[in-house]
Amino acid sequence: MKAILILASAAAMTASSAVYAADAVETIPAAPEAIETVSAFTWSGPYIGLHGGYAWGNADSTLLPGGSDDFDGGRFGAFVGYNWQFSNGFVAGIEGDVNYDWNENTYAGVDAESGFSGSVRGRVGYAFDRALLFAAGGWTATNVNVDGGGVDDDDTLHGWTIGGGLDYAFTDNVFGRVEYRYNDFGSGDIAGTDVDFDQHVVNVGIAVKF
């Protein structure tokens, strides 16, 4: 009788082990699902763009009635630059631009105007993902001309510029810009007379980042 009980217990244990093994084979764990990661946006790299806006200029010279006058008008230009973005969100860069300013007045047949201008500026800023707040400053220059009344002369004035603005990336490769600048072009000589010229500028632009 004892032998029969021992054999029955062994058989039951064998059957239980077989069922457990079968269950273990059938419950193979599923492979982990692949998770697609989206790369973080960065401002690093070169870019090129176009901008336009308005300039409020002021000139001081004895050639002008009253010795001073405003020279306001539209402007259009192009810019190119390069940014480096660091892990803490800080961004540094360099940028150059070339513009044409329609800042001109006419006095009794004498035309006084500024024309081509340009700058090279260093930039620093902080990135909030696709928004970049920046400040910029550096060297700037413009050409001023007086023509008429027996005078036909021009000079290139060199000075400094400072300003700031906001770049916002609409896509990974296209961003828009709004900025303000103050340009102090210093002084030059036209027809033996000292001329000082400065500007307040607002630009709106669009650019492609590579």
# chains A, B, ... in the order shown; residues from 1 in each chain; ligands from 1

call {"tool": "residues_around", "arguments": {"residues": "A:Phe197", "least_positions_apart": "5", "cutoff": "8 Å", "atoms": "only C-alpha atoms", "output": "short mmCIF file (atom, residue, chain, number, x, y, z; two decimals) with C-alpha atoms, in the first residue's frame"}}
result
data_model
loop_
_atom_site.label_atom_id
_atom_site.label_comp_id
_atom_site.auth_asym_id
_atom_site.auth_seq_id
_atom_site.Cartn_x
_atom_site.Cartn_y
_atom_site.Cartn_z
CA GLY A 57 18.38 108.94 -38.84
CA ASN A 58 19.80 112.24 -37.60
CA ALA A 59 22.61 114.26 -39.16
CA ASP A 60 24.55 117.23 -37.78
CA ASP A 184 26.41 105.61 -34.29
CA PHE A 185 28.35 106.14 -37.49
CA GLY A 186 30.68 108.77 -36.05
CA SER A 187 31.76 111.66 -38.24
#

call {"tool": "residues_around", "arguments": {"residues": "A:Asp153", "least_positions_apart": "6", "cutoff": "12 Å", "atoms": "only C-alpha atoms", "output": "ChimeraX atom specification"}}
result
/A:63,110-113,143-147,188-193,195

call {"tool": "residues_around", "arguments": {"residues": "A:Gly109", "least_positions_apart": "3", "cutoff": "8 Å", "atoms": "only C-alpha atoms", "output": "ChimeraX atom specification"}}
result
/A:106,148-149

call {"tool": "residues_around", "arguments": {"residues": "A:His51", "least_positions_apart": "4", "cutoff": "8 Å", "atoms": "only C-alpha atoms", "output": "ChimeraX atom specification"}}
result
/A:76-79,203-206

call {"tool": "closest_residue", "arguments": {"among": "A:Ala141, A:Phe128, A:Ser44, A:Val120", "to": "A:Leu157", "atoms": "only C-alpha atoms"}}
result
A:Ala141

call {"tool": "residues_around", "arguments": {"residues": "stretch 90-105 of chain A", "least_positions_apart": "5", "cutoff": "7 Å", "atoms": "only C-alpha atoms", "output": "PyMOL selection string"}}
result
chain A and resi 57+71-85+111-127

call {"tool": "decode", "arguments": {"residues": "stretch 76-207 of chain A", "atoms": "C-alpha atoms", "output": "mmCIF file, in the first residue's frame"}}
result
data_model
loop_
_atom_site.group_PDB
_atom_site.id
_atom_site.type_symbol
_atom_site.label_atom_id
_atom_site.label_comp_id
_atom_site.auth_asym_id
_atom_site.auth_seq_id
_atom_site.Cartn_x
_atom_site.Cartn_y
_atom_site.Cartn_z
ATOM 1 C CA PHE A 76 16.402 96.496 -47.039
ATOM 2 C CA GLY A 77 19.313 94.121 -46.615
ATOM 3 C CA ALA A 78 20.773 90.649 -46.194
ATOM 4 C CA PHE A 79 22.589 89.000 -43.311
ATOM 5 C CA VAL A 80 24.714 85.897 -42.721
ATOM 6 C CA GLY A 81 26.038 84.412 -39.506
ATOM 7 C CA TYR A 82 27.017 81.448 -37.373
ATOM 8 C CA ASN A 83 25.797 80.367 -33.907
ATOM 9 C CA TRP A 84 27.236 78.085 -31.249
ATOM 10 C CA GLN A 85 24.742 76.751 -28.679
ATOM 11 C CA PHE A 86 25.996 75.290 -25.380
ATOM 12 C CA SER A 87 24.333 72.708 -23.107
ATOM 13 C CA ASN A 88 23.081 75.336 -20.633
ATOM 14 C CA GLY A 89 21.109 77.189 -23.357
ATOM 15 C CA PHE A 90 23.696 79.956 -23.817
ATOM 16 C CA VAL A 91 24.251 80.941 -27.452
ATOM 17 C CA ALA A 92 27.178 82.866 -28.931
ATOM 18 C CA GLY A 93 27.651 83.889 -32.527
ATOM 19 C CA ILE A 94 28.927 86.285 -35.157
ATOM 20 C CA GLU A 95 26.940 88.033 -37.888
ATOM 21 C CA GLY A 96 27.503 90.383 -40.805
ATOM 22 C CA ASP A 97 25.006 92.332 -42.900
ATOM 23 C CA VAL A 98 24.784 94.657 -45.907
ATOM 24 C CA ASN A 99 21.892 97.120 -46.323
ATOM 25 C CA TYR A 100 20.577 99.966 -48.396
ATOM 26 C CA ASP A 101 18.924 102.845 -46.504
ATOM 27 C CA TRP A 102 16.582 105.332 -48.173
ATOM 28 C CA ASN A 103 17.411 108.114 -45.682
ATOM 29 C CA GLU A 104 17.381 111.314 -47.729
ATOM 30 C CA ASN A 105 16.259 114.952 -47.837
ATOM 31 C CA THR A 106 16.312 117.641 -50.533
ATOM 32 C CA TYR A 107 17.094 121.303 -49.837
ATOM 33 C CA ALA A 108 16.550 123.752 -52.730
ATOM 34 C CA GLY A 109 17.820 121.279 -55.282
ATOM 35 C CA VAL A 110 20.568 119.842 -53.041
ATOM 36 C CA ASP A 111 20.184 116.126 -52.240
ATOM 37 C CA ALA A 112 21.619 114.795 -48.971
ATOM 38 C CA GLU A 113 21.338 111.071 -48.282
ATOM 39 C CA SER A 114 22.769 107.921 -46.781
ATOM 40 C CA GLY A 115 22.898 104.768 -48.882
ATOM 41 C CA PHE A 116 24.763 101.513 -48.429
ATOM 42 C CA SER A 117 25.552 100.435 -44.882
ATOM 43 C CA GLY A 118 26.874 97.342 -43.192
ATOM 44 C CA SER A 119 28.064 95.857 -39.926
ATOM 45 C CA VAL A 120 29.941 92.983 -38.303
ATOM 46 C CA ARG A 121 28.584 92.112 -34.853
ATOM 47 C CA GLY A 122 29.180 89.625 -32.084
ATOM 48 C CA ARG A 123 26.037 88.057 -30.607
ATOM 49 C CA VAL A 124 25.162 86.521 -27.239
ATOM 50 C CA GLY A 125 21.822 85.138 -26.165
ATOM 51 C CA TYR A 126 19.778 82.525 -24.378
ATOM 52 C CA ALA A 127 17.644 79.883 -26.090
ATOM 53 C CA PHE A 128 14.204 78.898 -24.824
ATOM 54 C CA ASP A 129 13.938 75.911 -27.177
ATOM 55 C CA ARG A 130 12.888 77.537 -30.490
ATOM 56 C CA ALA A 131 12.955 81.119 -29.166
ATOM 57 C CA LEU A 132 16.307 82.912 -28.956
ATOM 58 C CA LEU A 133 16.624 86.221 -27.117
ATOM 59 C CA PHE A 134 19.848 87.956 -28.151
ATOM 60 C CA ALA A 135 21.952 91.083 -27.821
ATOM 61 C CA ALA A 136 24.497 92.126 -30.439
ATOM 62 C CA GLY A 137 27.125 94.798 -30.966
ATOM 63 C CA GLY A 138 30.150 95.643 -33.056
ATOM 64 C CA TRP A 139 31.421 97.729 -35.966
ATOM 65 C CA THR A 140 29.234 99.507 -38.518
ATOM 66 C CA ALA A 141 29.681 101.865 -41.481
ATOM 67 C CA THR A 142 27.586 103.843 -43.956
ATOM 68 C CA ASN A 143 28.078 106.035 -46.996
ATOM 69 C CA VAL A 144 26.671 109.599 -46.974
ATOM 70 C CA ASN A 145 26.424 111.847 -50.042
ATOM 71 C CA VAL A 146 25.600 115.465 -50.860
ATOM 72 C CA ASP A 147 24.898 116.363 -54.494
ATOM 73 C CA GLY A 148 23.768 119.713 -55.916
ATOM 74 C CA GLY A 149 24.337 123.436 -55.514
ATOM 75 C CA GLY A 150 27.911 123.115 -56.692
ATOM 76 C CA VAL A 151 28.669 120.297 -54.217
ATOM 77 C CA ASP A 152 29.150 116.658 -55.200
ATOM 78 C CA ASP A 153 30.913 114.765 -52.444
ATOM 79 C CA ASP A 154 30.540 111.671 -50.299
ATOM 80 C CA ASP A 155 32.294 109.939 -47.416
ATOM 81 C CA THR A 156 32.130 106.603 -45.619
ATOM 82 C CA LEU A 157 31.509 106.974 -41.898
ATOM 83 C CA HIS A 158 32.701 104.310 -39.444
ATOM 84 C CA GLY A 159 31.277 103.750 -35.971
ATOM 85 C CA TRP A 160 29.629 101.255 -33.643
ATOM 86 C CA THR A 161 26.284 99.513 -33.312
ATOM 87 C CA ILE A 162 24.390 97.853 -30.464
ATOM 88 C CA GLY A 163 20.965 96.278 -30.150
ATOM 89 C CA GLY A 164 18.944 93.171 -29.480
ATOM 90 C CA GLY A 165 15.970 91.145 -30.545
ATOM 91 C CA LEU A 166 14.209 87.811 -30.874
ATOM 92 C CA ASP A 167 14.765 84.941 -33.296
ATOM 93 C CA TYR A 168 12.031 82.291 -33.482
ATOM 94 C CA ALA A 169 12.371 78.994 -35.368
ATOM 95 C CA PHE A 170 9.190 78.096 -37.282
ATOM 96 C CA THR A 171 10.794 74.837 -38.449
ATOM 97 C CA ASP A 172 14.182 73.184 -37.901
ATOM 98 C CA ASN A 173 15.555 75.222 -40.826
ATOM 99 C CA VAL A 174 13.549 78.463 -41.049
ATOM 100 C CA PHE A 175 13.379 81.226 -38.446
ATOM 101 C CA GLY A 176 11.994 84.739 -38.232
ATOM 102 C CA ARG A 177 13.496 87.781 -36.557
ATOM 103 C CA VAL A 178 12.499 91.088 -34.976
ATOM 104 C CA GLU A 179 15.294 93.381 -33.785
ATOM 105 C CA TYR A 180 16.214 96.905 -32.758
ATOM 106 C CA ARG A 181 19.590 98.591 -33.359
ATOM 107 C CA TYR A 182 21.244 101.868 -32.548
ATOM 108 C CA ASN A 183 23.929 102.848 -35.072
ATOM 109 C CA ASP A 184 26.405 105.615 -34.287
ATOM 110 C CA PHE A 185 28.348 106.139 -37.492
ATOM 111 C CA GLY A 186 30.677 108.769 -36.051
ATOM 112 C CA SER A 187 31.756 111.657 -38.240
ATOM 113 C CA GLY A 188 33.181 112.275 -41.704
ATOM 114 C CA ASP A 189 34.132 115.080 -44.061
ATOM 115 C CA ILE A 190 31.981 116.314 -46.930
ATOM 116 C CA ALA A 191 33.077 119.361 -48.890
ATOM 117 C CA GLY A 192 35.404 120.342 -46.041
ATOM 118 C CA THR A 193 32.588 120.209 -43.497
ATOM 119 C CA ASP A 194 32.251 117.813 -40.567
ATOM 120 C CA VAL A 195 29.176 115.527 -40.737
ATOM 121 C CA ASP A 196 27.859 113.347 -37.876
ATOM 122 C CA PHE A 197 25.197 110.706 -38.469
ATOM 123 C CA ASP A 198 23.342 108.175 -36.295
ATOM 124 C CA GLN A 199 20.295 105.916 -36.637
ATOM 125 C CA HIS A 200 17.622 104.055 -34.709
ATOM 126 C CA VAL A 201 16.595 100.961 -36.697
ATOM 127 C CA VAL A 202 13.855 98.336 -36.497
ATOM 128 C CA ASN A 203 14.261 95.245 -38.708
ATOM 129 C CA VAL A 204 12.011 92.278 -39.463
ATOM 130 C CA GLY A 205 13.631 89.333 -41.208
ATOM 131 C CA ILE A 206 13.486 85.690 -42.225
ATOM 132 C CA ALA A 207 16.393 83.280 -42.554
#
